[in-house]
Amino acid sequence: MKGLQLLTTVNSDFEAEIIKQKLAEAGIESIIQSGSLGNMYPAVDTASGVGVFVEPYDFEKSTWLITNAKDDLADDAETGVGD
């Protein structure tokens, strides 16, 4: 995965894992990055959160998925279940 695009930044690894799982269910590969990205992505500062990255060609679909799945994501976060 080269040239990744920051999809969203969340407050915890747990939230990021839920988003990653939802994306995977749709066939979208993603990467989670916590803290400072150092030299990997110097223009992106996720020190205040956890970044979820996707390929640029998956960005639009990924954005749509997490925007329209906010209620599902919130339910998953509350119950601790990703299904």
# chains A, B, ... in the order shown; residues from 1 in each chain; ligands from 1

$ residues_around --residues "stretch 18-33 of chain A" --least-positions-apart "6" --cutoff "6 Å" --atoms "only C-alpha atoms" --output "list in words"
Val50, Gly51, Val52, Phe53 and Val54 of chain A

$ write_last_selection --atoms "N, CA and C atoms" --output "PDB file, in the first residue's frame"
ATOM      1  N   VAL A  50      -5.766   8.461  16.414  1.00  0.00           N
ATOM      2  CA  VAL A  50      -5.375   7.283  15.665  1.00  0.00           C
ATOM      3  C   VAL A  50      -5.880   7.445  14.241  1.00  0.00           C
ATOM      4  N   GLY A  51      -4.973   7.383  13.275  1.00  0.00           N
ATOM      5  CA  GLY A  51      -5.338   7.572  11.876  1.00  0.00           C
ATOM      6  C   GLY A  51      -5.699   6.267  11.193  1.00  0.00           C
ATOM      7  N   VAL A  52      -6.731   6.327  10.352  1.00  0.00           N
ATOM      8  CA  VAL A  52      -7.110   5.197   9.508  1.00  0.00           C
ATOM      9  C   VAL A  52      -6.834   5.624   8.070  1.00  0.00           C
ATOM     10  N   PHE A  53      -5.980   4.877   7.384  1.00  0.00           N
ATOM     11  CA  PHE A  53      -5.545   5.205   6.032  1.00  0.00           C
ATOM     12  C   PHE A  53      -6.057   4.183   5.032  1.00  0.00           C
ATOM     13  N   VAL A  54      -6.381   4.661   3.827  1.00  0.00           N
ATOM     14  CA  VAL A  54      -6.823   3.791   2.735  1.00  0.00           C
ATOM     15  C   VAL A  54      -6.109   4.205   1.451  1.00  0.00           C
TER      16      VAL A  54
END

$ closest_residue --among "A:Leu65, A:Glu55, A:Glu60, A:Ser34" --to "A:Glu15" --atoms "only C-alpha atoms"
A:Ser34

$ atom_distance --atom1 "atom CA of A:Tyr57" --atom2 "atom CA of A:Ala16"
19.9 Å

$ atom_distance --atom1 "atom CA of A:Gly3" --atom2 "atom CA of A:Ala69"
25.3 Å
